[in-house]
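To keep things clear, I will list the structure first and then write my remarks on it.
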Amino acid sequence: MTDHNGTHRVWRVGADIDTDALAPGAYMKFGIDEIARHCLQRVRPEFAGQVQPGDVLAAGPNFGIGSSREQAAAALVHLGVAAVIAPSFNGLYFRNAFNVGLLLLTCAQAEALVDGERIAFDPAAGRIRRADGADPADMLCETVPPFLMDMVRAGGLLNLLKQRQTF
């Protein structure tokens with residue numbers, strides 16, 4: 001949850017989190033409400049029930065591997081996750097995430113983040129600041145280009161296109 005200091009609580013997961021962990025196949029016939037209720041249940045059973053709007057997910061490399069299901073990113077948006085921070089992302093997941101308005105931060109040091117700690121981030125500057133002063137206090141990540149930030153702020157590509165539509 002984002003607190004009065006503008007920080008976000010970290011939820012840690014490991015490497016190689018696949019789309020089936022994010023949007024389990026058994027629930028794909030249902031809507032996003034039901035899919036989100038089962039998000040990460042195999043890895044962090046408490047996640048979907050306890051994550052708060054503004055929380056962030058910190059992962060190991062290869063986040064979002066597996067099938068190209070858009071619901072894997074949409075479930076995190078539905079749960080209010082502010083960003084996913086990882087050293088690397090699957091290419092299809094990366095595209096789907098921004099298309100549905102989910103911010104991804106590519107950070108080589110993502111695995112140094114600790115479950116439950118609080119961070120602040122500036123995607124345009126490519127910087128993550130650890131609120132508790134842990135070392136390193138500042139982590140560098142790849143900057144997020146303005147056009148991708150526009151998609152995140154709009155809530156996804158379709159919303160951005162609707163905002164820009166002129167009659």
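Naming scheme: A, B, ... for chains in displayed order of the structure tokens; residues 1 onward per chain; ligands 1 onward as shown.
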**Report entry** Non-local contacts of region 81-94 of chain A (6 Å; only C-alpha atoms; under 5 positions in same chain excluded) as a list in words
**Finding:**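 Here the answer would be Pro53, Gly54, Asp55, Val56, Leu57, Ala58, Ala59, Gly60, Pro61, Asn62, Phe63, Gly64, Ile65, Ser68, Leu76, Leu103, Leu104, Leu105, Thr106, Cys107, Ala108 and Ala110 of chain A.
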Give me, as a Markdown table, each residue of region 26-106 of chain A that comes within 6 Å of region 139-159 of chain A, together with its shortest interatomic pair and the distance in Å at one decimal, counting only C-alpha atoms, with rows ordered by chain and rising residue number.
```
| residue | atom | partner | partner_atom | distance |
| --- | --- | --- | --- | --- |
| A:Asn99 | CA | A:Gly156 | CA | 4.8 |
| A:Val100 | CA | A:Gly156 | CA | 4.1 |
| A:Gly101 | CA | A:Gly156 | CA | 3.8 |
| A:Leu102 | CA | A:Val152 | CA | 6.0 |
| A:Thr106 | CA | A:Cys141 | CA | 5.5 |
```
Atoms to include: all heavy atoms. Write the selected residues as a PDB file, in the first residue's frame.
```pdb
ATOM      1  N   ASN A  99       0.347  -2.733 -22.072  1.00  0.00           N
ATOM      2  CA  ASN A  99      -0.929  -2.615 -22.786  1.00  0.00           C
ATOM      3  C   ASN A  99      -2.129  -2.577 -21.843  1.00  0.00           C
ATOM      4  O   ASN A  99      -3.153  -1.995 -22.178  1.00  0.00           O
ATOM      5  CB  ASN A  99      -1.107  -3.744 -23.801  1.00  0.00           C
ATOM      6  CG  ASN A  99      -0.306  -3.522 -25.055  1.00  0.00           C
ATOM      7  OD1 ASN A  99       0.191  -2.428 -25.330  1.00  0.00           O
ATOM      8  ND2 ASN A  99      -0.165  -4.577 -25.845  1.00  0.00           N
ATOM      9  N   VAL A 100      -2.012  -3.211 -20.660  1.00  0.00           N
ATOM     10  CA  VAL A 100      -3.110  -3.163 -19.685  1.00  0.00           C
ATOM     11  C   VAL A 100      -2.833  -2.169 -18.554  1.00  0.00           C
ATOM     12  O   VAL A 100      -3.589  -2.089 -17.589  1.00  0.00           O
ATOM     13  CB  VAL A 100      -3.451  -4.560 -19.104  1.00  0.00           C
ATOM     14  CG1 VAL A 100      -3.907  -5.506 -20.208  1.00  0.00           C
ATOM     15  CG2 VAL A 100      -2.317  -5.141 -18.292  1.00  0.00           C
ATOM     16  N   GLY A 101      -1.736  -1.410 -18.652  1.00  0.00           N
ATOM     17  CA  GLY A 101      -1.449  -0.356 -17.691  1.00  0.00           C
ATOM     18  C   GLY A 101      -0.625  -0.764 -16.490  1.00  0.00           C
ATOM     19  O   GLY A 101      -0.610  -0.056 -15.482  1.00  0.00           O
ATOM     20  N   LEU A 102       0.085  -1.896 -16.576  1.00  0.00           N
ATOM     21  CA  LEU A 102       0.935  -2.343 -15.470  1.00  0.00           C
ATOM     22  C   LEU A 102       2.362  -1.866 -15.683  1.00  0.00           C
ATOM     23  O   LEU A 102       2.965  -2.153 -16.718  1.00  0.00           O
ATOM     24  CB  LEU A 102       0.907  -3.876 -15.369  1.00  0.00           C
ATOM     25  CG  LEU A 102       1.785  -4.499 -14.274  1.00  0.00           C
ATOM     26  CD1 LEU A 102       1.351  -4.040 -12.881  1.00  0.00           C
ATOM     27  CD2 LEU A 102       1.739  -6.023 -14.376  1.00  0.00           C
ATOM     28  N   THR A 106      12.646  -2.723 -14.879  1.00  0.00           N
ATOM     29  CA  THR A 106      13.734  -3.671 -15.079  1.00  0.00           C
ATOM     30  C   THR A 106      14.922  -3.210 -14.247  1.00  0.00           C
ATOM     31  O   THR A 106      15.502  -2.158 -14.510  1.00  0.00           O
ATOM     32  CB  THR A 106      14.104  -3.758 -16.575  1.00  0.00           C
ATOM     33  OG1 THR A 106      12.927  -4.079 -17.324  1.00  0.00           O
ATOM     34  CG2 THR A 106      15.167  -4.812 -16.811  1.00  0.00           C
TER      35      THR A 106
END
```
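Among the candidates A:Gly31, A:Gly14, A:Gly66, A:Pro24, the residue lying nearest to Ala112 (chain A) is A:Gly14 (atoms considered: only C-alpha atoms).
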Query raised in the report: Separation of CA of Arg127 (chain A) and CA of Leu79 (chain A), in Å?
Result: 24.0 Å
